[in-house]
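K.L.:
PDB, C-alpha atoms, file final_34.pdb:
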MODEL        1
ATOM      1  CA  MET A 747       3.811 -25.025  -0.973
ATOM      2  CA  THR A 748       0.869 -23.044  -2.377
ATOM      3  CA  GLN A 749      -2.066 -22.617   0.012
ATOM      4  CA  THR A 750      -5.688 -22.563  -0.992
ATOM      5  CA  ALA A 751      -7.916 -19.635  -0.030
ATOM      6  CA  GLY A 752      -9.745 -21.892   2.419
ATOM      7  CA  GLN A 753      -6.511 -22.891   4.150
ATOM      8  CA  THR A 754      -5.501 -19.257   4.444
ATOM      9  CA  ALA A 755      -8.866 -18.321   5.951
ATOM     10  CA  ARG A 756      -8.778 -21.219   8.412
ATOM     11  CA  GLN A 757      -5.331 -20.202   9.584
ATOM     12  CA  ALA A 758      -6.458 -16.603   9.960
ATOM     13  CA  ALA A 759      -9.471 -17.703  11.998
ATOM     14  CA  LYS A 760      -7.300 -19.468  14.568
ATOM     15  CA  PRO A 761      -5.762 -17.284  17.272
ATOM     16  CA  SER A 762      -2.042 -16.699  16.939
ATOM     17  CA  LEU A 763       0.273 -16.580  19.925
ATOM     18  CA  GLY A 764      -0.529 -13.398  21.834
ATOM     19  CA  GLY A 765      -3.325 -12.443  19.425
ATOM     20  CA  VAL A 766      -6.785 -11.198  20.335
ATOM     21  CA  GLN A 767      -9.159 -13.872  19.118
ATOM     22  CA  SER A 768     -12.143 -11.600  18.392
ATOM     23  CA  VAL A 769      -9.979  -9.263  16.310
ATOM     24  CA  GLU A 770      -8.473 -12.135  14.355
ATOM     25  CA  ARG A 771     -11.915 -13.600  13.702
ATOM     26  CA  THR A 772     -13.208 -10.227  12.527
ATOM     27  CA  PHE A 773     -10.405  -9.820  10.032
ATOM     28  CA  ALA A 774     -10.722 -13.431   8.873
ATOM     29  CA  LEU A 775     -14.355 -12.649   8.049
ATOM     30  CA  LEU A 776     -13.470  -9.397   6.261
ATOM     31  CA  GLU A 777     -10.746 -11.122   4.250
ATOM     32  CA  ALA A 778     -13.154 -13.901   3.263
ATOM     33  CA  LEU A 779     -15.579 -11.279   1.942
ATOM     34  CA  GLY A 780     -12.726  -9.487   0.186
ATOM     35  CA  ARG A 781     -11.589 -12.639  -1.626
ATOM     36  CA  SER A 782     -15.051 -13.447  -2.936
ATOM     37  CA  ALA A 783     -16.271 -12.125  -6.282
ATOM     38  CA  ARG A 784     -19.854 -12.091  -4.927
ATOM     39  CA  PRO A 785     -21.671 -11.475  -1.616
ATOM     40  CA  LEU A 786     -21.614 -14.436   0.763
ATOM     41  CA  GLY A 787     -24.225 -15.926   3.060
ATOM     42  CA  VAL A 788     -23.798 -16.632   6.757
ATOM     43  CA  SER A 789     -23.366 -20.389   6.233
ATOM     44  CA  GLU A 790     -20.722 -19.812   3.551
ATOM     45  CA  LEU A 791     -18.801 -17.460   5.819
ATOM     46  CA  ALA A 792     -19.024 -19.897   8.728
ATOM     47  CA  ALA A 793     -17.604 -22.676   6.546
ATOM     48  CA  GLU A 794     -14.902 -20.446   5.030
ATOM     49  CA  CYS A 795     -13.721 -19.126   8.402
ATOM     50  CA  GLU A 796     -14.418 -22.312  10.408
ATOM     51  CA  LEU A 797     -16.503 -20.382  12.915
ATOM     52  CA  SER A 798     -19.928 -21.079  14.357
ATOM     53  CA  LEU A 799     -23.061 -19.523  12.871
ATOM     54  CA  ALA A 800     -23.625 -17.670  16.151
ATOM     55  CA  THR A 801     -20.144 -16.139  16.014
ATOM     56  CA  ILE A 802     -20.548 -15.113  12.368
ATOM     57  CA  HIS A 803     -23.952 -13.540  13.128
ATOM     58  CA  ARG A 804     -22.483 -11.576  16.039
ATOM     59  CA  LEU A 805     -19.518 -10.297  14.038
ATOM     60  CA  LEU A 806     -21.666  -9.376  11.036
ATOM     61  CA  ARG A 807     -24.167  -7.471  13.170
ATOM     62  CA  THR A 808     -21.386  -5.316  14.607
ATOM     63  CA  LEU A 809     -19.650  -4.780  11.250
ATOM     64  CA  VAL A 810     -22.920  -3.838   9.534
ATOM     65  CA  ASP A 811     -23.673  -1.325  12.299
ATOM     66  CA  LEU A 812     -20.214   0.206  11.840
ATOM     67  CA  GLY A 813     -20.554   0.339   8.052
ATOM     68  CA  TYR A 814     -17.669  -2.038   7.310
ATOM     69  CA  VAL A 815     -19.993  -4.733   5.936
ATOM     70  CA  ARG A 816     -23.117  -4.268   3.819
ATOM     71  CA  GLN A 817     -26.156  -6.559   3.978
ATOM     72  CA  GLU A 818     -27.770  -7.207   0.610
ATOM     73  CA  PRO A 819     -31.545  -7.648   0.089
ATOM     74  CA  SER A 820     -30.809 -11.350  -0.473
ATOM     75  CA  ARG A 821     -29.465 -11.522   3.120
ATOM     76  CA  THR A 822     -25.956 -12.062   1.864
ATOM     77  CA  TYR A 823     -23.044  -9.848   2.852
ATOM     78  CA  ALA A 824     -20.340  -7.820   1.112
ATOM     79  CA  LEU A 825     -17.661  -5.347   2.153
ATOM     80  CA  GLY A 826     -19.177  -2.009   3.122
ATOM     81  CA  PRO A 827     -18.408   1.651   2.381
ATOM     82  CA  GLY A 828     -16.732   2.181   5.743
ATOM     83  CA  LEU A 829     -13.698   0.323   4.430
ATOM     84  CA  LEU A 830     -13.370   2.826   1.592
ATOM     85  CA  ARG A 831     -12.508   5.578   4.056
ATOM     86  CA  LEU A 832      -9.780   3.457   5.584
ATOM     87  CA  GLY A 833      -8.566   2.416   2.147
ATOM     88  CA  GLU A 834      -8.361   6.005   0.954
ATOM     89  CA  ARG A 835      -6.248   6.972   3.970
ATOM     90  CA  ALA A 836      -3.981   3.954   3.494
ATOM     91  CA  ALA A 837      -3.668   4.648  -0.237
ATOM     92  CA  SER A 838      -2.801   8.279   0.471
ATOM     93  CA  GLY A 839       0.094   7.260   2.688
ATOM     94  CA  LEU A 840       1.228   4.585   0.248
ATOM     95  CA  THR A 841       1.264   6.903  -2.756
ATOM     96  CA  SER A 842       3.084   9.591  -0.780
ATOM     97  CA  TRP A 843       6.150   7.526   0.078
ATOM     98  CA  SER A 844       6.130   5.473  -3.142
ATOM     99  CA  ARG A 845       5.957   8.469  -5.484
ATOM    100  CA  PRO A 846       9.749   9.114  -5.522
ATOM    101  CA  LEU A 847      10.243   5.497  -6.636
ATOM    102  CA  LEU A 848       7.719   5.952  -9.455
ATOM    103  CA  GLU A 849       9.297   9.251 -10.497
ATOM    104  CA  GLY A 850      12.669   7.490 -10.661
ATOM    105  CA  LEU A 851      11.207   4.969 -13.100
ATOM    106  CA  VAL A 852       9.911   7.770 -15.335
ATOM    107  CA  ARG A 853      13.369   9.347 -15.413
ATOM    108  CA  GLU A 854      14.953   5.997 -16.290
ATOM    109  CA  LEU A 855      12.446   4.918 -18.941
ATOM    110  CA  GLY A 856      10.930   8.149 -20.247
ATOM    111  CA  GLU A 857       7.413   6.654 -20.163
ATOM    112  CA  SER A 858       4.421   7.017 -17.839
ATOM    113  CA  VAL A 859       4.340   4.910 -14.663
ATOM    114  CA  ASN A 860       1.375   3.660 -12.609
ATOM    115  CA  LEU A 861       0.722   2.070  -9.236
ATOM    116  CA  ALA A 862      -2.497   0.053  -9.016
ATOM    117  CA  THR A 863      -4.411  -2.305  -6.756
ATOM    118  CA  LEU A 864      -6.897  -5.101  -7.412
ATOM    119  CA  ASP A 865     -10.513  -4.672  -6.301
ATOM    120  CA  GLY A 866     -12.427  -7.799  -7.263
ATOM    121  CA  HIS A 867     -12.237  -8.156 -11.046
ATOM    122  CA  ARG A 868     -11.224  -4.522 -11.572
ATOM    123  CA  VAL A 869      -8.029  -2.537 -11.253
ATOM    124  CA  VAL A 870      -8.002   0.739  -9.316
ATOM    125  CA  TYR A 871      -5.190   3.178 -10.117
ATOM    126  CA  LEU A 872      -3.637   4.654  -6.978
ATOM    127  CA  ALA A 873      -0.846   6.794  -8.446
ATOM    128  CA  HIS A 874       0.296   8.021 -11.849
ATOM    129  CA  VAL A 875       3.456   9.823 -12.927
ATOM    130  CA  PRO A 876       3.242  11.019 -16.543
ATOM    131  CA  SER A 877       5.995  10.862 -19.107
ATOM    132  CA  PRO A 878       7.721  14.166 -19.866
ATOM    133  CA  ARG A 879       7.169  13.554 -23.601
ATOM    134  CA  SER A 880       4.518  15.457 -25.512
ATOM    135  CA  MET A 881       2.818  12.238 -26.663
ATOM    136  CA  ARG A 882       2.223  10.297 -23.463
ATOM    137  CA  MET A 883      -0.225   8.077 -21.646
ATOM    138  CA  PHE A 884      -2.413   9.599 -18.943
ATOM    139  CA  THR A 885      -4.272   7.547 -16.336
ATOM    140  CA  GLU A 886      -6.729   9.171 -13.950
ATOM    141  CA  VAL A 887      -6.022   8.256 -10.322
ATOM    142  CA  GLY A 888      -9.036   6.442  -8.890
ATOM    143  CA  SER A 889     -10.218   5.139 -12.253
ATOM    144  CA  ARG A 890     -11.361   1.515 -12.389
ATOM    145  CA  VAL A 891     -10.853  -0.746 -15.407
ATOM    146  CA  PRO A 892     -11.241  -4.496 -16.049
ATOM    147  CA  ALA A 893      -8.252  -6.421 -14.712
ATOM    148  CA  HIS A 894      -8.102  -8.901 -17.600
ATOM    149  CA  SER A 895      -7.339  -6.174 -20.159
ATOM    150  CA  THR A 896      -4.473  -4.491 -18.303
ATOM    151  CA  GLY A 897      -0.872  -5.337 -17.547
ATOM    152  CA  VAL A 898      -1.225  -4.462 -13.866
ATOM    153  CA  GLY A 899      -4.401  -6.526 -13.630
ATOM    154  CA  LYS A 900      -2.847  -9.594 -15.204
ATOM    155  CA  ALA A 901       0.270  -9.261 -13.040
ATOM    156  CA  MET A 902      -1.867  -9.228  -9.880
ATOM    157  CA  LEU A 903      -4.167 -12.012 -11.096
ATOM    158  CA  ALA A 904      -1.103 -14.146 -11.843
ATOM    159  CA  GLU A 905       0.199 -13.549  -8.317
ATOM    160  CA  LEU A 906      -3.237 -14.365  -6.868
ATOM    161  CA  ALA A 907      -3.431 -17.572  -8.930
ATOM    162  CA  GLU A 908      -0.150 -18.762  -7.417
ATOM    163  CA  ARG A 909      -0.980 -17.713  -3.844
ATOM    164  CA  ALA A 910      -4.667 -18.635  -3.705
ATOM    165  CA  PRO A 911      -5.680 -20.634  -6.787
ATOM    166  CA  ASP A 912      -9.221 -21.281  -5.520
ATOM    167  CA  ALA A 913      -9.872 -17.564  -5.051
ATOM    168  CA  ALA A 914      -8.411 -16.745  -8.473
ATOM    169  CA  GLN A 915     -10.469 -19.431 -10.185
ATOM    170  CA  ASP A 916     -13.646 -18.261  -8.456
ATOM    171  CA  LEU A 917     -12.947 -14.679  -9.481
ATOM    172  CA  LEU A 918     -12.256 -15.527 -13.119
ATOM    173  CA  THR A 919     -15.239 -17.845 -13.549
ATOM    174  CA  ARG A 920     -17.585 -15.120 -12.268
ATOM    175  CA  THR A 921     -16.075 -12.356 -14.396
ATOM    176  CA  THR A 922     -17.370 -11.322 -17.804
ATOM    177  CA  LEU A 923     -14.288 -10.946 -19.992
ATOM    178  CA  GLU A 924     -15.539  -8.000 -22.004
ATOM    179  CA  PRO A 925     -13.523  -6.921 -25.073
ATOM    180  CA  LEU A 926     -12.034  -3.423 -24.899
ATOM    181  CA  THR A 927     -10.212  -3.828 -28.227
ATOM    182  CA  ASP A 928      -9.987  -6.631 -30.758
ATOM    183  CA  ARG A 929      -6.844  -7.829 -28.912
ATOM    184  CA  THR A 930      -8.410  -8.175 -25.459
ATOM    185  CA  LEU A 931      -8.243 -11.717 -24.092
ATOM    186  CA  THR A 932     -11.873 -12.804 -23.756
ATOM    187  CA  ASP A 933     -11.359 -16.570 -23.797
ATOM    188  CA  PRO A 934     -10.873 -17.965 -20.244
ATOM    189  CA  ASP A 935      -8.365 -20.587 -21.389
ATOM    190  CA  ARG A 936      -6.222 -18.025 -23.210
ATOM    191  CA  LEU A 937      -6.345 -15.707 -20.194
ATOM    192  CA  ALA A 938      -5.358 -18.546 -17.864
ATOM    193  CA  GLU A 939      -2.408 -19.338 -20.115
ATOM    194  CA  ALA A 940      -1.401 -15.657 -20.144
ATOM    195  CA  LEU A 941      -1.477 -15.633 -16.334
ATOM    196  CA  ARG A 942       0.705 -18.747 -16.176
ATOM    197  CA  THR A 943       3.155 -17.077 -18.556
ATOM    198  CA  ALA A 944       3.170 -13.899 -16.454
ATOM    199  CA  ALA A 945       3.846 -15.893 -13.275
ATOM    200  CA  ARG A 946       6.649 -17.810 -14.980
ATOM    201  CA  GLN A 947       8.433 -14.792 -16.480
ATOM    202  CA  GLY A 948       7.773 -12.367 -13.610
ATOM    203  CA  TYR A 949       5.883  -9.696 -15.537
ATOM    204  CA  ALA A 950       2.690  -9.204 -17.548
ATOM    205  CA  LEU A 951       1.983  -7.384 -20.801
ATOM    206  CA  ASP A 952      -0.947  -5.426 -22.136
ATOM    207  CA  ASP A 953      -0.408  -5.430 -25.884
ATOM    208  CA  GLU A 954      -3.081  -2.975 -27.076
ATOM    209  CA  GLU A 955      -5.671  -4.909 -25.063
ATOM    210  CA  GLN A 956      -6.959  -1.921 -23.075
ATOM    211  CA  GLU A 957      -6.451   0.793 -25.682
ATOM    212  CA  VAL A 958      -5.444   0.616 -29.339
ATOM    213  CA  GLY A 959      -1.907   1.875 -29.893
ATOM    214  CA  VAL A 960      -0.830   1.498 -26.246
ATOM    215  CA  ARG A 961       1.426  -1.146 -24.716
ATOM    216  CA  CYS A 962       2.151  -1.709 -21.041
ATOM    217  CA  VAL A 963       4.465  -3.904 -18.986
ATOM    218  CA  ALA A 964       3.684  -4.551 -15.317
ATOM    219  CA  VAL A 965       5.120  -6.306 -12.263
ATOM    220  CA  ALA A 966       3.229  -7.354  -9.124
ATOM    221  CA  VAL A 967       4.487  -6.151  -5.745
ATOM    222  CA  PRO A 968       5.442  -9.460  -4.089
ATOM    223  CA  GLY A 969       3.411 -10.431  -1.042
ATOM    224  CA  SER A 970       1.575  -7.103  -0.841
ATOM    225  CA  ARG A 971      -1.754  -6.895   0.980
ATOM    226  CA  PRO A 972      -3.725  -5.375  -0.601
ATOM    227  CA  GLN A 973      -2.365  -6.581  -3.902
ATOM    228  CA  LEU A 974      -0.367  -3.980  -5.806
ATOM    229  CA  ALA A 975       1.403  -3.734  -9.141
ATOM    230  CA  VAL A 976       3.586  -1.161 -10.874
ATOM    231  CA  SER A 977       3.656  -0.585 -14.622
ATOM    232  CA  THR A 978       5.037   1.579 -17.374
ATOM    233  CA  SER A 979       3.029   2.328 -20.491
ATOM    234  CA  GLY A 980       3.402   4.254 -23.701
ATOM    235  CA  PRO A 981       2.682   4.294 -27.420
ATOM    236  CA  SER A 982       3.259   0.918 -29.045
ATOM    237  CA  SER A 983       5.833   2.500 -31.349
ATOM    238  CA  ARG A 984       8.017   3.364 -28.334
ATOM    239  CA  MET A 985       7.213   0.355 -26.123
ATOM    240  CA  THR A 986       9.508  -1.930 -28.084
ATOM    241  CA  GLU A 987      10.765  -5.323 -26.967
ATOM    242  CA  GLU A 988      14.068  -3.658 -26.125
ATOM    243  CA  LEU A 989      12.374  -1.130 -23.845
ATOM    244  CA  VAL A 990      10.290  -3.871 -22.213
ATOM    245  CA  ALA A 991      13.448  -5.878 -21.531
ATOM    246  CA  ARG A 992      15.046  -2.798 -19.939
ATOM    247  CA  ALA A 993      11.916  -1.927 -17.970
ATOM    248  CA  VAL A 994      11.285  -5.315 -16.340
ATOM    249  CA  PRO A 995      14.256  -5.364 -13.906
ATOM    250  CA  LEU A 996      13.652  -1.708 -13.027
ATOM    251  CA  LEU A 997       9.971  -2.405 -12.293
ATOM    252  CA  GLN A 998      10.926  -5.470 -10.267
ATOM    253  CA  GLY A 999      13.371  -3.378  -8.231
ATOM    254  CA  VAL A1000      10.700  -0.780  -7.428
ATOM    255  CA  ALA A1001       8.157  -3.510  -6.629
ATOM    256  CA  ALA A1002      10.640  -5.103  -4.209
ATOM    257  CA  ALA A1003      11.332  -1.712  -2.582
ATOM    258  CA  ILE A1004       7.599  -1.113  -2.084
ATOM    259  CA  ALA A1005       7.193  -4.604  -0.611
ATOM    260  CA  ASP A1006      10.084  -3.997   1.804
ATOM    261  CA  GLU A1007       8.627  -0.671   2.957
ATOM    262  CA  MET A1008       5.202  -2.248   3.482
ATOM    263  CA  ARG A1009       6.749  -4.989   5.617
ATOM    264  CA  ARG A1010       8.603  -2.416   7.720
ATOM    265  CA  SER A1011       5.421  -0.390   8.188
ATOM    266  CA  ALA A1012       3.262  -3.404   9.098
TER     267      ALA A1012
ENDMDL
END
Do you think you could lay out the structure here as structure tokens?
P.N.:
Amino acid sequence: MTQTAGQTARQAAKPSLGGVQSVERTFALLEALGRSARPLGVSELAAECELSLATIHRLLRTLVDLGYVRQEPSRTYALGPGLLRLGERAASGLTSWSRPLLEGLVRELGESVNLATLDGHRVVYLAHVPSPRSMRMFTEVGSRVPAHSTGVGKAMLAELAERAPDAAQDLLTRTTLEPLTDRTLTDPDRLAEALRTAARQGYALDDEEQEVGVRCVAVAVPGSRPQLAVSTSGPSSRMTEELVARAVPLLQGVAAAIADEMRRSA
């Protein structure tokens, strides 16, 4: 059964057997901020996490002092820069052990391969292995692009829509679907349909939606936290339907291997 974002937060706010309640409440609050496409107020966080206003105030004061939460001039709260340091260290470890898997995909397919994560309505590229061909796609690690125009973004949004439909809907309704090319999906209904298709078939496509002349096929890493996706991209002339059909099971195999390793490391 699919859970809503609120149900997930409420479960996270309740102490698990043997858990430390204050730690669980802290992470429930951080996850609530991470799911939101905008800063949240104290009352919203209290309702989302099912905690008292006094508890939320106490947790926020500590997290702001540590730099893990940022207070806006409007007295709302968002994730702070302190989490970036932790994220960079986690990403470094992730890209280190996942790189051989990505390199294997390049050898199999002959096209460039990416590993990306979702940060709000944007994709952040964590790793890139270029194609050995002279004409190839190059993605700068650390670059951020709109999720709705990319294969990796749509794959992760589709996974989010199945896991936490309320969070996905909130994110999409607050996102400006800017056109990157004349093929970018800028209509919310068409994007929602594309996400349903991606969830149903197990992969997402970027058909010259991010860059003219470039196609990409992507697969979400199942159950990953943070959300991750792997993709292969290349010139449209080489990214044929036949290559896409060959790439999908290979991408799914790598995504499953990454998910397994993340579970073992948790």
K.L.:
Tell me which of A:Gly897, A:Gly969, A:Gly780, A:Gly888 sits closest to A:Thr841, counting only C-alpha atoms.
P.N.:
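Using only C-alpha atoms, A:Thr841 sits closest to A:Gly888.
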K.L.:
Determine, using only C-alpha atoms, which residues of stretch 887-990 of chain A have any atom at most 12 Å from an atom of stretch 816-834 of chain A, and tabulate each with its shortest atom pair and distance in Å to one decimal place, rows ordered by chain and then rising number, as JSON lines.
P.N.:
{"residue": "A:Val887", "atom": "CA", "partner": "A:Glu834", "partner_atom": "CA", "distance": 11.7}
{"residue": "A:Gly888", "atom": "CA", "partner": "A:Glu834", "partner_atom": "CA", "distance": 9.9}
{"residue": "A:Arg971", "atom": "CA", "partner": "A:Gly833", "partner_atom": "CA", "distance": 11.6}
{"residue": "A:Pro972", "atom": "CA", "partner": "A:Gly833", "partner_atom": "CA", "distance": 9.6}
K.L.:
Around (-16.7, -9.7, -22.0) in the file's own coordinates, what residues are found within 12 Å if you use all atoms listed in the file, given back as a ChimeraX atom specification?
P.N.:
/A:867,892-895,918-928,930-934
K.L.:
Starting from the PyMOL selection byres ((chain A and resi 849-863) around 7), expand the selection into actual residues of this file and give them as a PyMOL selection string.
P.N.:
chain A and resi 845-848+864-865+869-878+882-883+898+972-980+993
K.L.:
With C-alpha atoms retained, write the just-selected residues as an mmCIF file, in the coordinates of the input.
P.N.:
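Done, and the output landed in out04.cif:
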data_model
loop_
_atom_site.group_PDB
_atom_site.id
_atom_site.type_symbol
_atom_site.label_atom_id
_atom_site.label_comp_id
_atom_site.auth_asym_id
_atom_site.auth_seq_id
_atom_site.Cartn_x
_atom_site.Cartn_y
_atom_site.Cartn_z
ATOM 1 C CA ARG A 845 5.957 8.469 -5.484
ATOM 2 C CA PRO A 846 9.749 9.114 -5.522
ATOM 3 C CA LEU A 847 10.243 5.497 -6.636
ATOM 4 C CA LEU A 848 7.719 5.952 -9.455
ATOM 5 C CA LEU A 864 -6.897 -5.101 -7.412
ATOM 6 C CA ASP A 865 -10.513 -4.672 -6.301
ATOM 7 C CA VAL A 869 -8.029 -2.537 -11.253
ATOM 8 C CA VAL A 870 -8.002 0.739 -9.316
ATOM 9 C CA TYR A 871 -5.190 3.178 -10.117
ATOM 10 C CA LEU A 872 -3.637 4.654 -6.978
ATOM 11 C CA ALA A 873 -0.846 6.794 -8.446
ATOM 12 C CA HIS A 874 0.296 8.021 -11.849
ATOM 13 C CA VAL A 875 3.456 9.823 -12.927
ATOM 14 C CA PRO A 876 3.242 11.019 -16.543
ATOM 15 C CA SER A 877 5.995 10.862 -19.107
ATOM 16 C CA PRO A 878 7.721 14.166 -19.866
ATOM 17 C CA ARG A 882 2.223 10.297 -23.463
ATOM 18 C CA MET A 883 -0.225 8.077 -21.646
ATOM 19 C CA VAL A 898 -1.225 -4.462 -13.866
ATOM 20 C CA PRO A 972 -3.725 -5.375 -0.601
ATOM 21 C CA GLN A 973 -2.365 -6.581 -3.902
ATOM 22 C CA LEU A 974 -0.367 -3.980 -5.806
ATOM 23 C CA ALA A 975 1.403 -3.734 -9.141
ATOM 24 C CA VAL A 976 3.586 -1.161 -10.874
ATOM 25 C CA SER A 977 3.656 -0.585 -14.622
ATOM 26 C CA THR A 978 5.037 1.579 -17.374
ATOM 27 C CA SER A 979 3.029 2.328 -20.491
ATOM 28 C CA GLY A 980 3.402 4.254 -23.701
ATOM 29 C CA ALA A 993 11.916 -1.927 -17.970
#
K.L.:
Give me the residues within 6 Å of stretch 781-791 of chain A as a list in words, counting all atoms listed in the file and dropping any in the same chain fewer than 2 places off.
P.N.:
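My reading of the contact set: Ala778, Leu779, Ala793, Glu794, Cys795, Thr822, Tyr823, Ala824, Gly866 and Leu917 of chain A.
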K.L.:
Just the selected residues (C-alpha atoms), exported as a CSV table (one decimal), in the coordinates of the input, please.
P.N.:
chain,number,residue,atom,x,y,z
A,778,ALA,CA,-13.2,-13.9,3.3
A,779,LEU,CA,-15.6,-11.3,1.9
A,793,ALA,CA,-17.6,-22.7,6.5
A,794,GLU,CA,-14.9,-20.4,5.0
A,795,CYS,CA,-13.7,-19.1,8.4
A,822,THR,CA,-26.0,-12.1,1.9
A,823,TYR,CA,-23.0,-9.8,2.9
A,824,ALA,CA,-20.3,-7.8,1.1
A,866,GLY,CA,-12.4,-7.8,-7.3
A,917,LEU,CA,-12.9,-14.7,-9.5
K.L.:
Kindly give the distance, in Å, that separates atom CA of A:Asp935 and atom CA of A:Met902, rounded to a single decimal.
P.N.:
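Result for atom CA of A:Asp935 versus atom CA of A:Met902: 17.4 Å, one decimal.
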K.L.:
So the first atom is atom CA of A:Ala1003 and the second is atom CA of A:Thr885; what is the distance between them in Å, to one decimal place?
P.N.:
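If I compute the distance from atom CA of A:Ala1003 to atom CA of A:Thr885, I get 22.8 Å.
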K.L.:
Measuring atom to atom with all atoms listed in the file, identify which of A:Leu906, A:Thr896, A:Ser1011, A:Ser889 is nearest to A:Glu957.
P.N.:
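Looking at the shortest contact to A:Glu957, the residue is A:Thr896.
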K.L.:
Which residue gives the smallest distance to A:Val963 among A:Ala991, A:Arg1010, A:Arg936, A:Leu809, with all atoms listed in the file counted?
P.N.:
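With all atoms listed in the file as the atom set, the closest residue is A:Ala991.
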K.L.:
What do you get, as an MDAnalysis selection string, if you spell out every residue that the PyMOL selection byres ((chain A and resi 806) around 10) selects here?
P.N.:
chainID A and resid 772 775:776 788 800:805 807:812 814:817 823
K.L.:
Write a file of the selected residues as an mmCIF file, in the frame of the given file, keeping C-alpha atoms.
P.N.:
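Written out: again.cif:
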data_model
loop_
_atom_site.group_PDB
_atom_site.id
_atom_site.type_symbol
_atom_site.label_atom_id
_atom_site.label_comp_id
_atom_site.auth_asym_id
_atom_site.auth_seq_id
_atom_site.Cartn_x
_atom_site.Cartn_y
_atom_site.Cartn_z
ATOM 1 C CA THR A 772 -13.208 -10.227 12.527
ATOM 2 C CA LEU A 775 -14.355 -12.649 8.049
ATOM 3 C CA LEU A 776 -13.470 -9.397 6.261
ATOM 4 C CA VAL A 788 -23.798 -16.632 6.757
ATOM 5 C CA ALA A 800 -23.625 -17.670 16.151
ATOM 6 C CA THR A 801 -20.144 -16.139 16.014
ATOM 7 C CA ILE A 802 -20.548 -15.113 12.368
ATOM 8 C CA HIS A 803 -23.952 -13.540 13.128
ATOM 9 C CA ARG A 804 -22.483 -11.576 16.039
ATOM 10 C CA LEU A 805 -19.518 -10.297 14.038
ATOM 11 C CA ARG A 807 -24.167 -7.471 13.170
ATOM 12 C CA THR A 808 -21.386 -5.316 14.607
ATOM 13 C CA LEU A 809 -19.650 -4.780 11.250
ATOM 14 C CA VAL A 810 -22.920 -3.838 9.534
ATOM 15 C CA ASP A 811 -23.673 -1.325 12.299
ATOM 16 C CA LEU A 812 -20.214 0.206 11.840
ATOM 17 C CA TYR A 814 -17.669 -2.038 7.310
ATOM 18 C CA VAL A 815 -19.993 -4.733 5.936
ATOM 19 C CA ARG A 816 -23.117 -4.268 3.819
ATOM 20 C CA GLN A 817 -26.156 -6.559 3.978
ATOM 21 C CA TYR A 823 -23.044 -9.848 2.852
#
K.L.:
For a test of reading the model, state the distance in Å between atom CA of A:Ala945 and atom CA of A:Ala907, rounded to one decimal.
P.N.:
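That distance, rounded to one decimal, is 8.6 Å.
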